[in-house]
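Working notes, structure below.
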Amino acid sequence: MNKMLRGRSGWVEKIAQTPAAHRIQDALARQAEGAAWWQMEGVKPKPQQWKALFRQKSYQPLFLKVLRKSRRTGKPVQFDCPTGRQAVCFPIQRGGQVQGYLGFCAAGRPVPAPTVELAAAALDAVAREAEKSEEIRTLSETIQPRCVALSTIHTIHRLISSTLNLEELLPRVARLCCQVLRADACVIWLIDKEKPQLLFPRAVVNVKKGRSEPARPSRMGSGLVGRVASTCKAHLTGQRMVVPLVEEECIGVIGVRRMDPGRPFSLLDQEILTTLAEQAVVAIRNAQMYETQERVTWGTIRSLSAILDGMDSYSPSTVSGRKIMADVALEIAQEMEIPAAQRKSIQYAALLHDAGRVGIPAEILRKPTKLEPAEFDKVKLHTVRGATLLEPLEILEPAVPIILYHHERFDGTGYPKGLKKEAIPLGARILAVANAFEAMVCERPYRKAMPVHEAAKEIASHSGTQFDPKVVEAFLSVVRSGKLDKLFAARPAAKVEHGIR
Amino acid sequence: MASGKGGLTDLERRILQFFCEHPAAVETVRGIASWTGDEQGAVQEAAQILSKRKWLTADETSVVTGYSLTRDERCLAQIHEVLGAA
């Protein structure tokens, strides 16, 4: 390429630099011996560009005429240079408009017209291809950030709708708001159920720790947070943005803040926060409803457990063996890093494990001496009966197998089915240890209570036969940690009227 | 996979590049894989490594993990240094 007349777009240069255009130029150069290539950006050359291309001013009218013709027809123009040699001018188009020219002059021998036309068609194809690539790139640059944003909203929806634990959900929502809006702090206030005129900060996230004041409770209608909650209207000023959490009614607000005054929030940011708030409010409401349901469930189970206690107790000093068993089972489950939902089922099962004893004659339960085989057979039925009694309660579904199998032994000699090792549900294996421990450390009508360390030793001696060694290991770890001492220190001496043997 | 400049593999570098270009993004492994055009298993491994280095933040739930760029300024400076050295 000998000469270049640059314009603003650089389109001609871009086309000329493509490998395909190089091949076309090489092919033509072989035909037109010694031809000098030139290119020009823009449809009209500027005065300084003339200097670069021609030494003699007399060439200009001819060249201008050629350019005009090429531009008007959109086709190549073959012409004779003032030197008498042949020259060709190819118009280079973009979107149907001529953007500049590519050509050669001073050809050593003439190039046949069909070859020139073929080269022009090929250059057109190169230009169209380049145009398409550019369109695709522009489209991709425009669309990709929107796709990423859409995908982010979808991910956030999945993240916040996959938990029903409010204490886990709210900080997560606050952190995600900071991330998506590039905010430095986020606070979520929720309206208090007991005092609906008050909003309490339930989650505070400071990305730049130590640079933000701690959030304070707010009163409905008063202050920015209170006003947004009472009017349900979003607020945006500079680096601060507050939007209401509204489902059927306002349940709270989300506020975000940026520390840098040079980066105020925009209306688009407000739209994004509103979208996040709309997603969050559904997740928060679900978590709140789940919490309420959990409280009702827990209350029901405690009532059932208290009824069972009432059936046992004939003395006001009696302590619920079920409660001790539930606490011990929970400690073991925690030590074994069992998921929270499963721990809850173990706790429920512990509180109701002997619900089936309601059908066992009182004289058998109260018998201070060793039971006859026939009596013991009746006692053994309590696991199946308890499971059958509680089965209709859907909320206790995961607890039922634990209740049913908590008298199974690791070596397969237990009841009701003689299950072995891992065939026994883990919850039931934990409950078996807790049950045995509770039976030893609590006083029975037929024997005195055993000290904790002796009971632990007794349990350890049955590891691998009566009990799962892993559960025993976790139990002993709990004993060593002193957690059980704390548990017993909080209670008077444990005394249980009737425990299942 | 062999580590390149800054002790990062090519995939780890491209994942960081993606998050630096889209700092507000929160993405799952599947999402990242679709943007980088890599296999999900490899992306998961790389994202976990970056998360251990605290260059990515992982929001984990029982069903999904969302990765996003760290907000820690010191970590961000390290990332820019490593990407700039490429």
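Identifiers in the structure tokens: chain A, B, ... in order shown; residue index from 1 per chain; ligand index from 1 in order shown.
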Open item on the list: Show me, as a PyMOL selection string, the residues of chain B whose atoms get within 8 Å of chain A, using only C-alpha atoms for the distance check.
Closed with: chain B and resi 22-28+31+59-66+68+71-72
- [ ] Write out as a count of residues only all residues of range 13-249 of chain A that backbone DSSP assigns to helix (DSSP H, G or I).
- [x] 115
- [ ] Show which residues sit within 12 Å of range 10-15 of chain A, as a VMD selection string. Count only C-alpha atoms, and ignore same-chain residues fewer than 3 positions away.
- [x] chain A and resid 1 3 to 7 18 to 25 38 to 43 90 to 95 97 to 103 122 to 131 133 to 134
Task: Distance in Å - CA of Glu422 in chain A versus CA of Arg385 in chain A - done: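 CA of Arg385 in chain A lies 23.2 Å from CA of Glu422 in chain A.
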- [ ] Can you pull out every residue within 9 Å of Leu16 in chain B, counting only C-alpha atoms, but drop anything in the same chain fewer than 4 positions away, and send it as a list of chain:residue names?
- [x]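 Within the cut-off, the hits are B:Leu11, B:Glu12, B:Cys20, B:Glu21, B:Leu50, B:Trp55, B:Leu56, B:Leu69, B:Ile79, B:Leu83.
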- [ ] Compare B:Asp10, B:Phe18, B:Val29, B:Thr57 by their minimum atom-to-atom distance to Gln44 in chain B, counting only C-alpha atoms, and give me the closest one.
- [x]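 That would be B:Val29, the residue with the smallest distance to Gln44 in chain B.
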Open item on the list: Can you measure CA of Leu190 in chain A to CA of Arg240 in chain A for me? One decimal in Å is fine.
Closed with: 18.5 Å
Task: Given only C-alpha atoms as the counted atoms, nearest of B:Arg53, B:Tyr67, B:Ala58, B:Arg13 to Thr36 in chain B - done: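 Using only C-alpha atoms, the shortest distance to Thr36 in chain B belongs to B:Arg13.
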- [ ] Grab the CA of Val296 in chain A to CA of Glu278 in chain A distance for me, in Å with one decimal place.
- [x] 27.5 Å
- [ ] Within range 216-396 of chain A, find each residue whose DSSP state, derived from the backbone, is strand (DSSP E or B), and express the selection as a list in words.
- [x] Ser218, Arg219, His235, Leu236, Thr237, Arg240, Met241, Val242, Val243, Pro244, Leu245, Val246, Cys250, Ile251, Gly252, Val253, Ile254, Gly255, Val256 and Arg257 of chain A
